[in-house]
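K.L.:
Sharing a structure here in structure tokens format.
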Amino acid sequence: MSEVKQTAHINPTGEIAETVLLPGDPLRAKFIAETFLEDVEQFNSVRNMLGFTGTYKGKKISVMGTGMGMPSMGIYSWELIHIYGVKNLIRIGSCGALQDNLDLYDIIIGMGASSNSNYVSQYHIPGHYAPVASYSLLEKAKHIADEKGYPVHVGNILSSDTFYSADKEANDKWRKMGILGIEMEAAALYMNAAEAGVNALCILTVSDHIYKQEETTAEERQTSFTKMMEIALELGE
Ligand SMILES: O=P(O)(O)O[C@H]1O[C@H](CO)[C@@H](O)[C@H]1O
Ligand SMILES: O=c1cc[nH]c(=O)[nH]1
């Protein structure tokens with residue numbers, strides 16, 4: 001490869017596609033590459049934040065871990081967009097469900113990403129910005145899910161700065177506002193994408209239910225959320 005720019009976090013040893021799937025867990029990225037992609041090349045290993053490019057049904061697509069939390073998502077999505085020209089960024093994550101009509105392994109599409117984070121303050125918006133998904137990606141994802149017969153819940157999610165919160169009433173308040181589930185990165189992704197004028201979407205699988213006290217194992221979070229992965233893979237250009 002000629003003149004490939006390196007950053008502090010991504011040293012590409014291969015091509016990065018215009019559409020990138022972004023699980024928080026780099027081992028979930030490896031699982032997707034090994035399970036679903038053909039002609040796979042690993043393009044990143046800096047900090048073990050594994051990134052791969054291959055083809056899915058003949059279309060080029062990449063998948064790369066982002067780590068946990070908004071600062072980490074902020075770094076990787078910014079570099080993918082501004083340094084490597086990525087146009088479609090699709091987070092595929094796990095989440096804790098807040099609503100009674102949700103169960104383990106249900107799929108949620110984050111139409112909006114509410115947040116308790118201060119990430120938005122960097123933009124000096126004169127008001128309260130509502131981070132939202134790209135409508136074109138959202139519509140396409142819903143259509144793909146319907147065609148596959150995979151039920152999805154579409155709505156508002158919470159991107160939280162904390163996994164273990166000292167505020168024991170916070171979940172009740174977000175639940176009352178209809179928030180479907182809690183994760184930790186989508187709002188930063190939606191904001192970075194909006195500022196850059198590119199497309200972003202967050203698809204989640206329920207890994208635990210905060211009110212039903214049910215949860216999946218670490219291994220299940222790495223390898224068993226395949227319906228969400230299939231929907232995201234179909235979004236390749
Ligand atoms: O499964 P991932 O994509 O990492 O997503 C969720 O899981 C992590 C917390 O366990 C956070 O990153 C949260 O957003
Ligand atoms: O961020 C997350 C992810 C999974 N489950 C949670 O409760 N929170």
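Ligands are numbered from 1 in the order shown, chains are lettered A, B, ... in the order of the structure tokens, and residues start at 1 in each chain.
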Under the rule of at most 10 Å, produce a per-residue listing of stretch 83-179 of chain A near stretch 44-67 of chain A: chain, number, name, the closest pair of atoms, and the distance in Å, as JSON lines, using only C-alpha atoms.
P.N.:
{"residue": "A:Val86", "atom": "CA", "partner": "A:Ser62", "partner_atom": "CA", "distance": 9.8}
{"residue": "A:Leu89", "atom": "CA", "partner": "A:Val63", "partner_atom": "CA", "distance": 9.6}
{"residue": "A:Ile90", "atom": "CA", "partner": "A:Val63", "partner_atom": "CA", "distance": 9.2}
{"residue": "A:Arg91", "atom": "CA", "partner": "A:Thr66", "partner_atom": "CA", "distance": 8.9}
{"residue": "A:Ile92", "atom": "CA", "partner": "A:Gly65", "partner_atom": "CA", "distance": 9.7}
K.L.:
Residues within 7 Å of ligand 2 should be enumerated using only C-alpha atoms and all ligand atoms and returned as a list in words.
P.N.:
Ser94, Cys95, Gly96, Ser160, Phe163, Ile182, Glu183, Met184, Ser207, Asp208 and Ile210 of chain A
K.L.:
Rank nothing, just name the residue among A:Gln213, A:Thr19, A:Thr13, A:Ser72 nearest to A:Phe43, using only C-alpha atoms.
P.N.:
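The closest residue to A:Phe43 is A:Thr13.
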K.L.:
Write out as a CSV table (one decimal) with N, CA and C atoms, in the first residue's frame each polymer residue whose atoms come within 9 Å of A:Met228, counting only C-alpha atoms; drop sequence neighbours fewer than 2 positions from it.
P.N.:
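Saved to out.csv:
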chain,number,residue,atom,x,y,z
A,92,ILE,N,-22.3,-2.4,16.5
A,92,ILE,CA,-23.1,-3.6,16.9
A,92,ILE,C,-22.7,-4.0,18.3
A,93,GLY,N,-23.5,-3.7,19.2
A,93,GLY,CA,-23.1,-3.8,20.6
A,93,GLY,C,-24.1,-4.6,21.5
A,107,ILE,N,-33.3,-7.7,19.7
A,107,ILE,CA,-32.5,-6.7,18.9
A,107,ILE,C,-33.1,-5.4,19.0
A,108,ILE,N,-32.3,-4.4,19.3
A,108,ILE,CA,-32.8,-3.0,19.4
A,108,ILE,C,-32.0,-2.2,18.3
A,145,ALA,N,-34.1,-6.6,8.4
A,145,ALA,CA,-34.6,-7.4,9.6
A,145,ALA,C,-35.9,-8.0,9.2
A,150,TYR,N,-36.5,-11.3,11.5
A,150,TYR,CA,-35.9,-11.0,12.8
A,150,TYR,C,-36.6,-9.8,13.4
A,203,ILE,N,-26.9,-0.9,16.3
A,203,ILE,CA,-27.8,-2.0,16.5
A,203,ILE,C,-27.3,-2.8,17.7
A,204,LEU,N,-28.2,-3.1,18.6
A,204,LEU,CA,-27.8,-3.8,19.9
A,204,LEU,C,-28.5,-5.1,20.1
A,205,THR,N,-27.9,-6.0,20.8
A,205,THR,CA,-28.6,-7.2,21.3
A,205,THR,C,-28.6,-7.1,22.8
A,225,PHE,N,-24.4,-13.2,19.1
A,225,PHE,CA,-25.3,-12.2,18.7
A,225,PHE,C,-25.4,-12.2,17.2
A,226,THR,N,-25.6,-13.3,16.5
A,226,THR,CA,-25.4,-13.4,15.1
A,226,THR,C,-26.5,-12.8,14.3
A,230,GLU,N,-25.7,-10.3,11.2
A,230,GLU,CA,-26.2,-10.5,9.8
A,230,GLU,C,-26.9,-9.3,9.3
A,231,ILE,N,-27.7,-8.6,10.1
A,231,ILE,CA,-28.4,-7.4,9.7
A,231,ILE,C,-27.4,-6.3,9.3
A,232,ALA,N,-26.4,-6.2,10.2
A,232,ALA,CA,-25.4,-5.1,9.9
A,232,ALA,C,-24.5,-5.4,8.7
A,233,LEU,N,-24.2,-6.7,8.5
A,233,LEU,CA,-23.4,-7.1,7.3
A,233,LEU,C,-24.1,-6.8,6.0
K.L.:
Could you pull out the alpha helix (DSSP H) residues of stretch 11-117 of chain A from DSSP and send them as a tab-separated table (two decimals) with C-alpha atoms, in the first residue's frame?
P.N.:
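Dumped to selection_27.tsv:
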chain	number	residue	atom	x	y	z
A	26	PRO	CA	-12.31	-6.63	19.41
A	27	LEU	CA	-12.81	-10.40	19.81
A	28	ARG	CA	-16.36	-9.95	18.49
A	29	ALA	CA	-14.75	-8.28	15.46
A	30	LYS	CA	-12.47	-11.33	15.03
A	31	PHE	CA	-15.44	-13.68	15.38
A	32	ILE	CA	-17.38	-11.80	12.68
A	33	ALA	CA	-14.39	-11.79	10.32
A	34	GLU	CA	-13.76	-15.51	10.82
A	35	THR	CA	-17.44	-16.51	10.67
A	36	PHE	CA	-18.93	-14.34	7.96
A	70	MET	CA	-17.50	7.27	24.56
A	71	PRO	CA	-13.86	8.45	24.66
A	72	SER	CA	-12.76	5.21	23.00
A	73	MET	CA	-15.57	5.26	20.42
A	74	GLY	CA	-14.79	8.96	19.90
A	75	ILE	CA	-11.18	8.20	18.96
A	76	TYR	CA	-11.79	5.26	16.63
A	77	SER	CA	-14.80	6.69	14.83
A	78	TRP	CA	-13.05	10.08	14.36
A	79	GLU	CA	-9.97	8.47	12.84
A	80	LEU	CA	-12.00	6.13	10.62
A	81	ILE	CA	-14.04	9.06	9.32
A	82	HIS	CA	-11.44	11.81	9.01
